[in-house]
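Below you'll find the structure, written out as structure tokens, and then a few comments.
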Amino acid sequence: MRNRTKTQEYLTAFVMLLPYILSFCVFFAYPLVKAFVISFQNFSFLGDAPPKFVGLANYKEALTNKMFLDSILNTLYYSVLVVPTQLIIALILAVIVNDKVKFKEFFRTTYYLPTVTSPVAVSIIFLFLYKTDGLVNQILRHIGITPRNWFNEPSFVMPAIVSVAVWGSVGFYMVTFLSGLSTIPDQLYEAAEVEGAGELTKLLKITVPLLKPMIFFNTVVSFISTLQMFDLSYIIGGSDGGPMGKAMTMVVMIYRTAFKEFNMGVASAMAFVVFGIIFALTLIQRKFFGEEMSY
Amino acid sequence: MITLVPYLIAVITSLKPVEDVTKFSVDFGKLSFSSYKYITTEFPFMRWLFNSFVVAVAVTAGNLLFNSMAAYALARLNFPFKKVVFYIIIGTMMIPGQVLLIPIYLILNKLGWIDSYKGLIIPWLVSAFYIFFMRQYFLTIPKDLEEAALIDGLSRFGIFFKIFLPLSLPALATQAIFIFVGNWNSFMWPSIIASSEELYTLPVGLNSFYGQYYQFWNQVLAGAILLSLPTIIVFVAFQKYFVRGIVTTGLKE
């Protein structure tokens, strides 16, 4: 009797896990192995020639491809600009909104809207705003700044994309910080006020230290997501990576190599290089933040 | 305010006639919904909207059921290699999706699912992250409840459908809106899979429309508003679940 119920429980568990197991095998395990194999093969999607083992040739080709190397630098440049900017703005907004208890809901909703808006719609709205004769330039002209075609100039395209990305995701981090702020007891701030501490002192001496684990968590999440940026760069810069390829990111490069040039072998090698970069940077980050990892 | 301005400008511009789109001023007498009417009747925008709905709803429904089933097994049933399965699920979250993109495309190509709803939907029906999320939630449901139901003769499936799912409505709602919004906004995958215009989802369709009609900003922006509106409505209606979702999971969709 006991054995029967046990078998029955195993069977139930198996049935309940079946959709996951199938999906895991077909859309994870097998593809992972296959991707690894393809990265060592001369695998072109076009043509009927069977794939041939080529050793490290694809990796060599990827790592000597100037466009790919540039895309790595562009992506890192993007990350280095986006992560601190968006986290600092998000934290400051959270502190301000948290004080204005009355309008908390309103601000939270407003700042969060871009986060649920499709990156395609966001990109298109900003393509319109940043046009040479667009609204941003019309305003800038009033303060005496020469109008530019922000998305079409090599040195401005990435910072311009960064501004869009920050606008698009600052709300997400603001909401996480807001939830963190609600765990800090008011007495701490009251005590600091009695001692005559100003807003900045309170921010740096109370808020930031107490939110440290959350700041760490958000840094990691933000960093990993910036390293995988695709949508904004692809819609604004196209598969050529915008002016002089300055908007090309690592993932756009993989996409281009695989689905525009149908060079699946090299694209797979690129994907593993990107995986390696993300993995290495996450490890470095972990070391850098040290004990905060316990969070 | 800076947050809302781009939306306001997009809405106003979408209502303007094309010769006025770059003008700073607004001539209220000339505003109309004609560009909305134009893109939805002269271009397959309604078809793309429909595709987006079908795909997002199917993916959401699949995730709600399959993730919860797996989560229930992990939270409440005993079976061999349970720990191993759990760690595999956690482990899969650490592999960036781009690595899998090409082989998944090749598999779907073999199956003949490229340029089909199947190709858009089936690879996304389960999510390791939300299995983990639901498992955490199920662990908080008291064991006594389940034991009582077992004694009353309810099967495990009965317990799952009649007790666990109804008790998890808040968690299910959180999961549903994140997955719906994430899938609605998804761009890279449908742009790879949907090659014929009738199968485009709205983001893919709008991007291709923009590529050809970028001078007609009133129409392009009308399309952008059409694409944004459903997720904004979902967000405003279910705000509390969003906030709870972020707070409890710290997740970015």
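We label chains A, B, ... in the order they appear in the structure tokens, count residues from 1 in each chain, and number ligands from 1 in the order shown.
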Excluding same-chain residues fewer than 4 positions from Val252 of chain A, what lies within 12 Å of it counting only C-alpha atoms, as a PDB file with N, CA, C and O atoms, in the first residue's frame?
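Generated output (selection_38.pdb):
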ATOM      1  N   MET A  67      34.282  44.765 -36.467  1.00  0.00           N
ATOM      2  CA  MET A  67      32.943  45.192 -36.095  1.00  0.00           C
ATOM      3  C   MET A  67      32.503  44.556 -34.772  1.00  0.00           C
ATOM      4  O   MET A  67      31.875  45.188 -33.942  1.00  0.00           O
ATOM      5  N   PHE A  68      32.857  43.268 -34.593  1.00  0.00           N
ATOM      6  CA  PHE A  68      32.488  42.572 -33.358  1.00  0.00           C
ATOM      7  C   PHE A  68      33.255  43.157 -32.172  1.00  0.00           C
ATOM      8  O   PHE A  68      32.679  43.426 -31.110  1.00  0.00           O
ATOM      9  N   ASP A  70      34.477  46.123 -31.953  1.00  0.00           N
ATOM     10  CA  ASP A  70      33.888  47.442 -31.687  1.00  0.00           C
ATOM     11  C   ASP A  70      32.583  47.317 -30.927  1.00  0.00           C
ATOM     12  O   ASP A  70      32.290  48.110 -30.029  1.00  0.00           O
ATOM     13  N   SER A  71      31.793  46.285 -31.297  1.00  0.00           N
ATOM     14  CA  SER A  71      30.496  46.123 -30.634  1.00  0.00           C
ATOM     15  C   SER A  71      30.686  45.826 -29.146  1.00  0.00           C
ATOM     16  O   SER A  71      29.881  46.242 -28.318  1.00  0.00           O
ATOM     17  N   ILE A  72      31.774  45.122 -28.815  1.00  0.00           N
ATOM     18  CA  ILE A  72      32.054  44.857 -27.393  1.00  0.00           C
ATOM     19  C   ILE A  72      32.339  46.171 -26.676  1.00  0.00           C
ATOM     20  O   ILE A  72      31.785  46.462 -25.614  1.00  0.00           O
ATOM     21  N   ASN A  74      31.502  49.216 -27.665  1.00  0.00           N
ATOM     22  CA  ASN A  74      30.282  50.030 -27.636  1.00  0.00           C
ATOM     23  C   ASN A  74      29.370  49.606 -26.497  1.00  0.00           C
ATOM     24  O   ASN A  74      28.783  50.442 -25.806  1.00  0.00           O
ATOM     25  N   THR A  75      29.222  48.270 -26.340  1.00  0.00           N
ATOM     26  CA  THR A  75      28.316  47.764 -25.305  1.00  0.00           C
ATOM     27  C   THR A  75      28.829  48.134 -23.919  1.00  0.00           C
ATOM     28  O   THR A  75      28.052  48.547 -23.043  1.00  0.00           O
ATOM     29  N   LEU A 227      24.279  44.702 -20.812  1.00  0.00           N
ATOM     30  CA  LEU A 227      25.195  43.931 -21.660  1.00  0.00           C
ATOM     31  C   LEU A 227      24.445  43.174 -22.753  1.00  0.00           C
ATOM     32  O   LEU A 227      25.014  42.796 -23.759  1.00  0.00           O
ATOM     33  N   GLN A 228      23.137  42.944 -22.526  1.00  0.00           N
ATOM     34  CA  GLN A 228      22.360  42.193 -23.507  1.00  0.00           C
ATOM     35  C   GLN A 228      21.466  43.097 -24.343  1.00  0.00           C
ATOM     36  O   GLN A 228      20.513  42.645 -24.958  1.00  0.00           O
ATOM     37  N   MET A 229      21.773  44.366 -24.375  1.00  0.00           N
ATOM     38  CA  MET A 229      20.903  45.319 -25.069  1.00  0.00           C
ATOM     39  C   MET A 229      20.781  44.995 -26.558  1.00  0.00           C
ATOM     40  O   MET A 229      21.769  44.747 -27.227  1.00  0.00           O
ATOM     41  N   PHE A 230      19.565  44.995 -27.027  1.00  0.00           N
ATOM     42  CA  PHE A 230      19.338  44.738 -28.447  1.00  0.00           C
ATOM     43  C   PHE A 230      18.373  45.755 -29.071  1.00  0.00           C
ATOM     44  O   PHE A 230      18.723  46.467 -30.013  1.00  0.00           O
ATOM     45  N   ASP A 231      17.157  45.824 -28.510  1.00  0.00           N
ATOM     46  CA  ASP A 231      16.056  46.541 -29.158  1.00  0.00           C
ATOM     47  C   ASP A 231      16.382  47.979 -29.567  1.00  0.00           C
ATOM     48  O   ASP A 231      16.268  48.339 -30.738  1.00  0.00           O
ATOM     49  N   LEU A 232      16.785  48.805 -28.596  1.00  0.00           N
ATOM     50  CA  LEU A 232      16.998  50.228 -28.899  1.00  0.00           C
ATOM     51  C   LEU A 232      18.044  50.387 -29.982  1.00  0.00           C
ATOM     52  O   LEU A 232      17.857  51.122 -30.949  1.00  0.00           O
ATOM     53  N   SER A 233      19.152  49.669 -29.805  1.00  0.00           N
ATOM     54  CA  SER A 233      20.257  49.806 -30.744  1.00  0.00           C
ATOM     55  C   SER A 233      19.847  49.350 -32.145  1.00  0.00           C
ATOM     56  O   SER A 233      20.180  49.988 -33.149  1.00  0.00           O
ATOM     57  N   TYR A 234      19.096  48.250 -32.213  1.00  0.00           N
ATOM     58  CA  TYR A 234      18.713  47.718 -33.519  1.00  0.00           C
ATOM     59  C   TYR A 234      17.697  48.615 -34.219  1.00  0.00           C
ATOM     60  O   TYR A 234      17.786  48.855 -35.420  1.00  0.00           O
ATOM     61  N   ILE A 235      16.725  49.135 -33.451  1.00  0.00           N
ATOM     62  CA  ILE A 235      15.683  49.947 -34.084  1.00  0.00           C
ATOM     63  C   ILE A 235      16.242  51.317 -34.460  1.00  0.00           C
ATOM     64  O   ILE A 235      15.950  51.838 -35.533  1.00  0.00           O
ATOM     65  N   ILE A 236      17.075  51.875 -33.598  1.00  0.00           N
ATOM     66  CA  ILE A 236      17.612  53.209 -33.881  1.00  0.00           C
ATOM     67  C   ILE A 236      18.768  53.125 -34.884  1.00  0.00           C
ATOM     68  O   ILE A 236      18.857  53.929 -35.804  1.00  0.00           O
ATOM     69  N   GLY A 237      19.650  52.143 -34.714  1.00  0.00           N
ATOM     70  CA  GLY A 237      20.835  52.091 -35.571  1.00  0.00           C
ATOM     71  C   GLY A 237      20.747  51.098 -36.726  1.00  0.00           C
ATOM     72  O   GLY A 237      21.581  51.127 -37.620  1.00  0.00           O
ATOM     73  N   GLY A 238      19.769  50.205 -36.704  1.00  0.00           N
ATOM     74  CA  GLY A 238      19.680  49.195 -37.750  1.00  0.00           C
ATOM     75  C   GLY A 238      20.734  48.112 -37.575  1.00  0.00           C
ATOM     76  O   GLY A 238      21.518  48.147 -36.619  1.00  0.00           O
ATOM     77  N   SER A 239      20.772  47.156 -38.513  1.00  0.00           N
ATOM     78  CA  SER A 239      21.715  46.054 -38.335  1.00  0.00           C
ATOM     79  C   SER A 239      23.145  46.459 -38.708  1.00  0.00           C
ATOM     80  O   SER A 239      24.076  45.690 -38.524  1.00  0.00           O
ATOM     81  N   ASP A 240      23.321  47.688 -39.208  1.00  0.00           N
ATOM     82  CA  ASP A 240      24.685  48.169 -39.465  1.00  0.00           C
ATOM     83  C   ASP A 240      25.255  48.916 -38.268  1.00  0.00           C
ATOM     84  O   ASP A 240      26.385  49.406 -38.298  1.00  0.00           O
ATOM     85  N   GLY A 241      24.447  49.067 -37.230  1.00  0.00           N
ATOM     86  CA  GLY A 241      24.949  49.702 -36.017  1.00  0.00           C
ATOM     87  C   GLY A 241      25.011  51.211 -36.087  1.00  0.00           C
ATOM     88  O   GLY A 241      25.832  51.832 -35.415  1.00  0.00           O
ATOM     89  N   GLY A 242      24.178  51.837 -36.899  1.00  0.00           N
ATOM     90  CA  GLY A 242      24.103  53.300 -36.918  1.00  0.00           C
ATOM     91  C   GLY A 242      25.333  53.943 -37.523  1.00  0.00           C
ATOM     92  O   GLY A 242      26.120  53.271 -38.202  1.00  0.00           O
ATOM     93  N   GLY A 245      28.932  52.556 -37.286  1.00  0.00           N
ATOM     94  CA  GLY A 245      28.798  51.367 -36.433  1.00  0.00           C
ATOM     95  C   GLY A 245      28.885  51.659 -34.955  1.00  0.00           C
ATOM     96  O   GLY A 245      29.076  50.760 -34.142  1.00  0.00           O
ATOM     97  N   LYS A 246      28.714  52.927 -34.577  1.00  0.00           N
ATOM     98  CA  LYS A 246      28.909  53.306 -33.169  1.00  0.00           C
ATOM     99  C   LYS A 246      27.747  52.877 -32.266  1.00  0.00           C
ATOM    100  O   LYS A 246      27.836  52.978 -31.049  1.00  0.00           O
ATOM    101  N   ALA A 247      26.633  52.459 -32.868  1.00  0.00           N
ATOM    102  CA  ALA A 247      25.503  52.006 -32.048  1.00  0.00           C
ATOM    103  C   ALA A 247      25.427  50.484 -32.019  1.00  0.00           C
ATOM    104  O   ALA A 247      24.496  49.916 -31.477  1.00  0.00           O
ATOM    105  N   MET A 248      26.414  49.825 -32.606  1.00  0.00           N
ATOM    106  CA  MET A 248      26.387  48.359 -32.685  1.00  0.00           C
ATOM    107  C   MET A 248      26.666  47.751 -31.317  1.00  0.00           C
ATOM    108  O   MET A 248      27.654  48.080 -30.681  1.00  0.00           O
ATOM    109  N   ARG A 256      22.969  39.994 -36.454  1.00  0.00           N
ATOM    110  CA  ARG A 256      23.350  40.324 -37.831  1.00  0.00           C
ATOM    111  C   ARG A 256      24.110  39.159 -38.483  1.00  0.00           C
ATOM    112  O   ARG A 256      23.811  38.756 -39.602  1.00  0.00           O
ATOM    113  N   THR A 257      25.085  38.630 -37.742  1.00  0.00           N
ATOM    114  CA  THR A 257      25.903  37.555 -38.298  1.00  0.00           C
ATOM    115  C   THR A 257      25.060  36.297 -38.563  1.00  0.00           C
ATOM    116  O   THR A 257      25.241  35.610 -39.574  1.00  0.00           O
ATOM    117  N   ALA A 258      24.114  36.023 -37.642  1.00  0.00           N
ATOM    118  CA  ALA A 258      23.322  34.798 -37.784  1.00  0.00           C
ATOM    119  C   ALA A 258      22.197  34.953 -38.799  1.00  0.00           C
ATOM    120  O   ALA A 258      21.993  34.090 -39.647  1.00  0.00           O
ATOM    121  N   PHE A 259      21.450  36.058 -38.703  1.00  0.00           N
ATOM    122  CA  PHE A 259      20.197  36.124 -39.450  1.00  0.00           C
ATOM    123  C   PHE A 259      20.207  37.081 -40.638  1.00  0.00           C
ATOM    124  O   PHE A 259      19.235  37.165 -41.368  1.00  0.00           O
ATOM    125  N   LYS A 260      21.290  37.830 -40.811  1.00  0.00           N
ATOM    126  CA  LYS A 260      21.425  38.646 -42.027  1.00  0.00           C
ATOM    127  C   LYS A 260      22.481  38.031 -42.937  1.00  0.00           C
ATOM    128  O   LYS A 260      22.344  38.019 -44.137  1.00  0.00           O
ATOM    129  N   ALA A 267      28.514  33.245 -35.677  1.00  0.00           N
ATOM    130  CA  ALA A 267      27.586  33.882 -34.738  1.00  0.00           C
ATOM    131  C   ALA A 267      27.529  33.110 -33.423  1.00  0.00           C
ATOM    132  O   ALA A 267      27.474  33.725 -32.342  1.00  0.00           O
ATOM    133  N   MET A 270      30.544  33.942 -31.477  1.00  0.00           N
ATOM    134  CA  MET A 270      30.351  35.272 -30.876  1.00  0.00           C
ATOM    135  C   MET A 270      29.477  35.168 -29.624  1.00  0.00           C
ATOM    136  O   MET A 270      29.761  35.792 -28.610  1.00  0.00           O
ATOM    137  N   ALA A 271      28.407  34.351 -29.725  1.00  0.00           N
ATOM    138  CA  ALA A 271      27.497  34.220 -28.591  1.00  0.00           C
ATOM    139  C   ALA A 271      28.237  33.676 -27.371  1.00  0.00           C
ATOM    140  O   ALA A 271      28.016  34.131 -26.243  1.00  0.00           O
ATOM    141  N   VAL A 274      30.368  36.392 -25.885  1.00  0.00           N
ATOM    142  CA  VAL A 274      29.521  37.305 -25.105  1.00  0.00           C
ATOM    143  C   VAL A 274      29.168  36.666 -23.757  1.00  0.00           C
ATOM    144  O   VAL A 274      29.243  37.314 -22.706  1.00  0.00           O
TER     145      VAL A 274
ATOM    146  N   GLN B  98      20.897  34.667 -25.826  1.00  0.00           N
ATOM    147  CA  GLN B  98      21.465  34.789 -27.177  1.00  0.00           C
ATOM    148  C   GLN B  98      22.188  33.530 -27.602  1.00  0.00           C
ATOM    149  O   GLN B  98      22.272  33.212 -28.788  1.00  0.00           O
ATOM    150  N   MET B 188      12.887  40.880 -30.656  1.00  0.00           N
ATOM    151  CA  MET B 188      13.903  40.128 -31.387  1.00  0.00           C
ATOM    152  C   MET B 188      13.364  38.791 -31.902  1.00  0.00           C
ATOM    153  O   MET B 188      13.498  38.485 -33.078  1.00  0.00           O
TER     154      MET B 188
END
Residues of chain B within 8 Å of chain A, using only C-alpha atoms, as a PyMOL selection string? chain B and resi 3-4+6-7+10+22+24+66-67+69-70+72-73+77-80+92+95-96+98-100+102-104+123+125-126+156-157+181+184-188+192+203+206-207+210+217+220-221+224-225+227-228+231-232+235-236+239+243+246-247+250+252
Using only C-alpha atoms, please write the residues we just selected to a file, as a PDB file, in the first residue's frame.
ATOM      1  CA  THR B   3       8.473  61.152 -18.190  1.00  0.00           C
ATOM      2  CA  LEU B   4       5.108  62.152 -19.571  1.00  0.00           C
ATOM      3  CA  PRO B   6       7.329  62.286 -24.816  1.00  0.00           C
ATOM      4  CA  TYR B   7       3.960  60.512 -24.589  1.00  0.00           C
ATOM      5  CA  ALA B  10       3.537  61.492 -29.488  1.00  0.00           C
ATOM      6  CA  THR B  22       7.388  69.225 -36.963  1.00  0.00           C
ATOM      7  CA  PHE B  24       5.903  73.281 -32.331  1.00  0.00           C
ATOM      8  CA  PHE B  66       2.918  24.833 -16.676  1.00  0.00           C
ATOM      9  CA  ASN B  67       5.005  26.891 -14.266  1.00  0.00           C
ATOM     10  CA  MET B  69       2.426  22.542 -12.164  1.00  0.00           C
ATOM     11  CA  ALA B  70       6.204  22.262 -12.005  1.00  0.00           C
ATOM     12  CA  TYR B  72       3.696  22.321  -7.174  1.00  0.00           C
ATOM     13  CA  ALA B  73       5.759  19.192  -7.792  1.00  0.00           C
ATOM     14  CA  LEU B  77       5.768  16.189  -3.916  1.00  0.00           C
ATOM     15  CA  ASN B  78       8.607  13.787  -3.282  1.00  0.00           C
ATOM     16  CA  PHE B  79      10.425  12.183  -6.157  1.00  0.00           C
ATOM     17  CA  PRO B  80      13.935  11.039  -6.993  1.00  0.00           C
ATOM     18  CA  THR B  92      19.136  27.689 -16.602  1.00  0.00           C
ATOM     19  CA  ILE B  95      22.624  31.285 -19.377  1.00  0.00           C
ATOM     20  CA  PRO B  96      22.034  34.340 -21.566  1.00  0.00           C
ATOM     21  CA  GLN B  98      21.465  34.789 -27.177  1.00  0.00           C
ATOM     22  CA  VAL B  99      23.495  31.589 -26.935  1.00  0.00           C
ATOM     23  CA  LEU B 100      20.361  29.508 -27.561  1.00  0.00           C
ATOM     24  CA  ILE B 102      20.536  30.088 -33.275  1.00  0.00           C
ATOM     25  CA  PRO B 103      20.028  26.401 -32.377  1.00  0.00           C
ATOM     26  CA  ILE B 104      16.396  27.054 -31.387  1.00  0.00           C
ATOM     27  CA  PRO B 123       9.390  28.005 -27.157  1.00  0.00           C
ATOM     28  CA  LEU B 125       5.483  28.379 -22.691  1.00  0.00           C
ATOM     29  CA  VAL B 126       7.480  27.777 -19.532  1.00  0.00           C
ATOM     30  CA  ARG B 156      -3.057  15.527  -6.030  1.00  0.00           C
ATOM     31  CA  PHE B 157      -4.376  17.088  -9.205  1.00  0.00           C
ATOM     32  CA  VAL B 181       3.764  42.661 -20.954  1.00  0.00           C
ATOM     33  CA  TRP B 184       3.759  41.895 -25.900  1.00  0.00           C
ATOM     34  CA  ASN B 185       6.917  44.002 -26.044  1.00  0.00           C
ATOM     35  CA  SER B 186       9.147  41.218 -27.301  1.00  0.00           C
ATOM     36  CA  PHE B 187      10.831  42.198 -30.543  1.00  0.00           C
ATOM     37  CA  MET B 188      13.903  40.128 -31.387  1.00  0.00           C
ATOM     38  CA  ILE B 192      13.348  36.307 -36.497  1.00  0.00           C
ATOM     39  CA  PRO B 203       6.300  45.608 -32.703  1.00  0.00           C
ATOM     40  CA  LEU B 206       5.497  48.876 -36.637  1.00  0.00           C
ATOM     41  CA  ASN B 207       9.253  48.686 -37.090  1.00  0.00           C
ATOM     42  CA  TYR B 210       8.575  52.915 -39.790  1.00  0.00           C
ATOM     43  CA  TRP B 217       5.324  60.869 -38.478  1.00  0.00           C
ATOM     44  CA  VAL B 220       4.191  56.218 -37.374  1.00  0.00           C
ATOM     45  CA  LEU B 221       3.458  57.754 -33.973  1.00  0.00           C
ATOM     46  CA  ALA B 224       3.545  53.632 -31.577  1.00  0.00           C
ATOM     47  CA  ILE B 225       0.575  54.726 -29.440  1.00  0.00           C
ATOM     48  CA  LEU B 227       1.430  49.483 -29.601  1.00  0.00           C
ATOM     49  CA  SER B 228       1.881  51.130 -26.178  1.00  0.00           C
ATOM     50  CA  THR B 231       0.391  47.427 -21.788  1.00  0.00           C
ATOM     51  CA  ILE B 232      -0.200  50.861 -20.290  1.00  0.00           C
ATOM     52  CA  PHE B 235      -0.293  48.387 -15.950  1.00  0.00           C
ATOM     53  CA  VAL B 236      -2.657  51.074 -14.706  1.00  0.00           C
ATOM     54  CA  GLN B 239      -0.614  48.399 -10.642  1.00  0.00           C
ATOM     55  CA  VAL B 243       4.587  46.776  -7.457  1.00  0.00           C
ATOM     56  CA  ILE B 246       8.907  43.909  -8.236  1.00  0.00           C
ATOM     57  CA  VAL B 247       9.118  44.068  -4.496  1.00  0.00           C
ATOM     58  CA  GLY B 250      13.274  42.093  -7.787  1.00  0.00           C
ATOM     59  CA  LYS B 252      13.106  42.744 -14.639  1.00  0.00           C
TER      60      LYS B 252
END
DSSP alpha helix (DSSP H) residues within segment 101-159 of chain A, listed as a ChimeraX atom specification: /A:104-116,119-129,135-142,154-159
Residues as selected, N, CA and C atoms, written as a compact mmCIF listing (two decimals), in the first residue's frame, can you do that?
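Once written, selection33.txt looks like this:
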# COMPACT_ATOMS: atom_id res chain seq x y z
N LYS A 104 2.67 59.80 -3.95
CA LYS A 104 3.49 58.62 -4.18
C LYS A 104 2.94 57.76 -5.33
N GLU A 105 1.66 57.46 -5.24
CA GLU A 105 1.03 56.62 -6.26
C GLU A 105 1.17 57.22 -7.65
N PHE A 106 0.88 58.52 -7.73
CA PHE A 106 0.93 59.19 -9.02
C PHE A 106 2.32 59.13 -9.62
N PHE A 107 3.33 59.47 -8.80
CA PHE A 107 4.70 59.48 -9.33
C PHE A 107 5.15 58.07 -9.69
N ARG A 108 4.77 57.14 -8.83
CA ARG A 108 5.18 55.77 -9.09
C ARG A 108 4.63 55.30 -10.43
N THR A 109 3.36 55.61 -10.66
CA THR A 109 2.73 55.23 -11.93
C THR A 109 3.42 55.90 -13.10
N THR A 110 3.62 57.21 -12.97
CA THR A 110 4.19 57.97 -14.07
C THR A 110 5.58 57.47 -14.44
N TYR A 111 6.44 57.32 -13.44
CA TYR A 111 7.80 56.91 -13.74
C TYR A 111 7.87 55.48 -14.25
N TYR A 112 6.87 54.69 -13.89
CA TYR A 112 6.93 53.30 -14.30
C TYR A 112 6.42 53.07 -15.72
N LEU A 113 5.60 54.00 -16.21
CA LEU A 113 5.00 53.81 -17.55
C LEU A 113 6.00 53.42 -18.65
N PRO A 114 7.14 54.13 -18.77
CA PRO A 114 8.06 53.77 -19.86
C PRO A 114 8.56 52.33 -19.75
N THR A 115 8.61 51.80 -18.52
CA THR A 115 9.09 50.43 -18.34
C THR A 115 8.17 49.41 -18.99
N VAL A 116 6.87 49.70 -19.04
CA VAL A 116 5.95 48.74 -19.67
C VAL A 116 5.68 49.09 -21.13
N PRO A 119 9.85 48.73 -26.29
CA PRO A 119 11.06 49.43 -26.73
C PRO A 119 10.94 49.92 -28.17
N VAL A 120 10.15 49.24 -28.98
CA VAL A 120 9.97 49.70 -30.36
C VAL A 120 9.25 51.05 -30.36
N ALA A 121 8.17 51.15 -29.57
CA ALA A 121 7.44 52.42 -29.49
C ALA A 121 8.34 53.50 -28.89
N VAL A 122 9.07 53.15 -27.83
CA VAL A 122 9.96 54.13 -27.19
C VAL A 122 10.99 54.64 -28.19
N SER A 123 11.62 53.71 -28.92
CA SER A 123 12.64 54.13 -29.89
C SER A 123 12.05 55.07 -30.93
N ILE A 124 10.85 54.73 -31.41
CA ILE A 124 10.25 55.53 -32.47
C ILE A 124 9.88 56.92 -31.97
N ILE A 125 9.36 56.99 -30.75
CA ILE A 125 9.03 58.31 -30.19
C ILE A 125 10.30 59.16 -30.09
N PHE A 126 11.41 58.55 -29.65
CA PHE A 126 12.64 59.33 -29.52
C PHE A 126 13.31 59.61 -30.87
N LEU A 127 13.11 58.75 -31.84
CA LEU A 127 13.60 59.07 -33.19
C LEU A 127 12.94 60.36 -33.67
N PHE A 128 11.68 60.50 -33.29
CA PHE A 128 10.95 61.72 -33.66
C PHE A 128 11.45 62.94 -32.86
N LEU A 129 11.61 62.76 -31.56
CA LEU A 129 12.02 63.88 -30.71
C LEU A 129 13.44 64.36 -31.02
N LEU A 135 11.69 68.25 -31.63
CA LEU A 135 11.41 69.11 -30.49
C LEU A 135 12.65 69.40 -29.63
N VAL A 136 13.45 68.37 -29.37
CA VAL A 136 14.61 68.56 -28.51
C VAL A 136 15.54 69.62 -29.10
N ASN A 137 15.78 69.52 -30.41
CA ASN A 137 16.64 70.51 -31.05
C ASN A 137 16.03 71.90 -31.07
N GLN A 138 14.70 71.96 -31.21
CA GLN A 138 14.04 73.27 -31.20
C GLN A 138 14.23 73.96 -29.84
N ILE A 139 14.15 73.14 -28.78
CA ILE A 139 14.36 73.70 -27.44
C ILE A 139 15.83 74.10 -27.27
N LEU A 140 16.74 73.22 -27.70
CA LEU A 140 18.17 73.50 -27.55
C LEU A 140 18.57 74.77 -28.30
N ARG A 141 17.94 74.99 -29.44
CA ARG A 141 18.28 76.18 -30.22
C ARG A 141 17.96 77.44 -29.42
N HIS A 142 16.89 77.36 -28.65
CA HIS A 142 16.50 78.51 -27.83
C HIS A 142 17.55 78.85 -26.78
N PRO A 154 28.37 59.90 -35.13
CA PRO A 154 29.08 58.81 -34.44
C PRO A 154 29.32 59.08 -32.96
N SER A 155 29.70 60.31 -32.60
CA SER A 155 30.04 60.50 -31.20
C SER A 155 28.82 60.74 -30.31
N PHE A 156 27.66 61.00 -30.92
CA PHE A 156 26.48 61.29 -30.11
C PHE A 156 25.49 60.14 -30.04
N VAL A 157 25.58 59.21 -30.97
CA VAL A 157 24.53 58.20 -31.05
C VAL A 157 24.40 57.39 -29.76
N MET A 158 25.53 56.92 -29.21
CA MET A 158 25.42 56.08 -28.02
C MET A 158 24.93 56.87 -26.79
N PRO A 159 25.52 58.05 -26.52
CA PRO A 159 24.94 58.84 -25.41
C PRO A 159 23.45 59.13 -25.60
Do a neighbour search on Leu139 of chain B at 9 Å with only C-alpha atoms, toss out local chain neighbours closer than 5 positions, and write the hits as a ChimeraX atom specification. /B:72,75-76,134
Store the residues of this selection in a file with N, CA, C and O atoms, as a PDB file, in the first residue's frame.
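Output below, filename part.pdb:
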ATOM      1  N   TYR B  72       4.395  23.154  -8.159  1.00  0.00           N
ATOM      2  CA  TYR B  72       3.696  22.321  -7.174  1.00  0.00           C
ATOM      3  C   TYR B  72       4.491  21.045  -6.902  1.00  0.00           C
ATOM      4  O   TYR B  72       4.687  20.642  -5.743  1.00  0.00           O
ATOM      5  N   ALA B  75       7.396  21.955  -4.782  1.00  0.00           N
ATOM      6  CA  ALA B  75       7.094  22.434  -3.434  1.00  0.00           C
ATOM      7  C   ALA B  75       6.502  21.336  -2.563  1.00  0.00           C
ATOM      8  O   ALA B  75       6.731  21.292  -1.364  1.00  0.00           O
ATOM      9  N   ARG B  76       5.718  20.418  -3.157  1.00  0.00           N
ATOM     10  CA  ARG B  76       4.925  19.522  -2.323  1.00  0.00           C
ATOM     11  C   ARG B  76       5.055  18.029  -2.577  1.00  0.00           C
ATOM     12  O   ARG B  76       4.511  17.235  -1.841  1.00  0.00           O
ATOM     13  N   MET B 134       6.722  30.699  -8.245  1.00  0.00           N
ATOM     14  CA  MET B 134       5.512  30.009  -7.773  1.00  0.00           C
ATOM     15  C   MET B 134       5.847  29.022  -6.663  1.00  0.00           C
ATOM     16  O   MET B 134       5.078  28.845  -5.723  1.00  0.00           O
TER      17      MET B 134
END
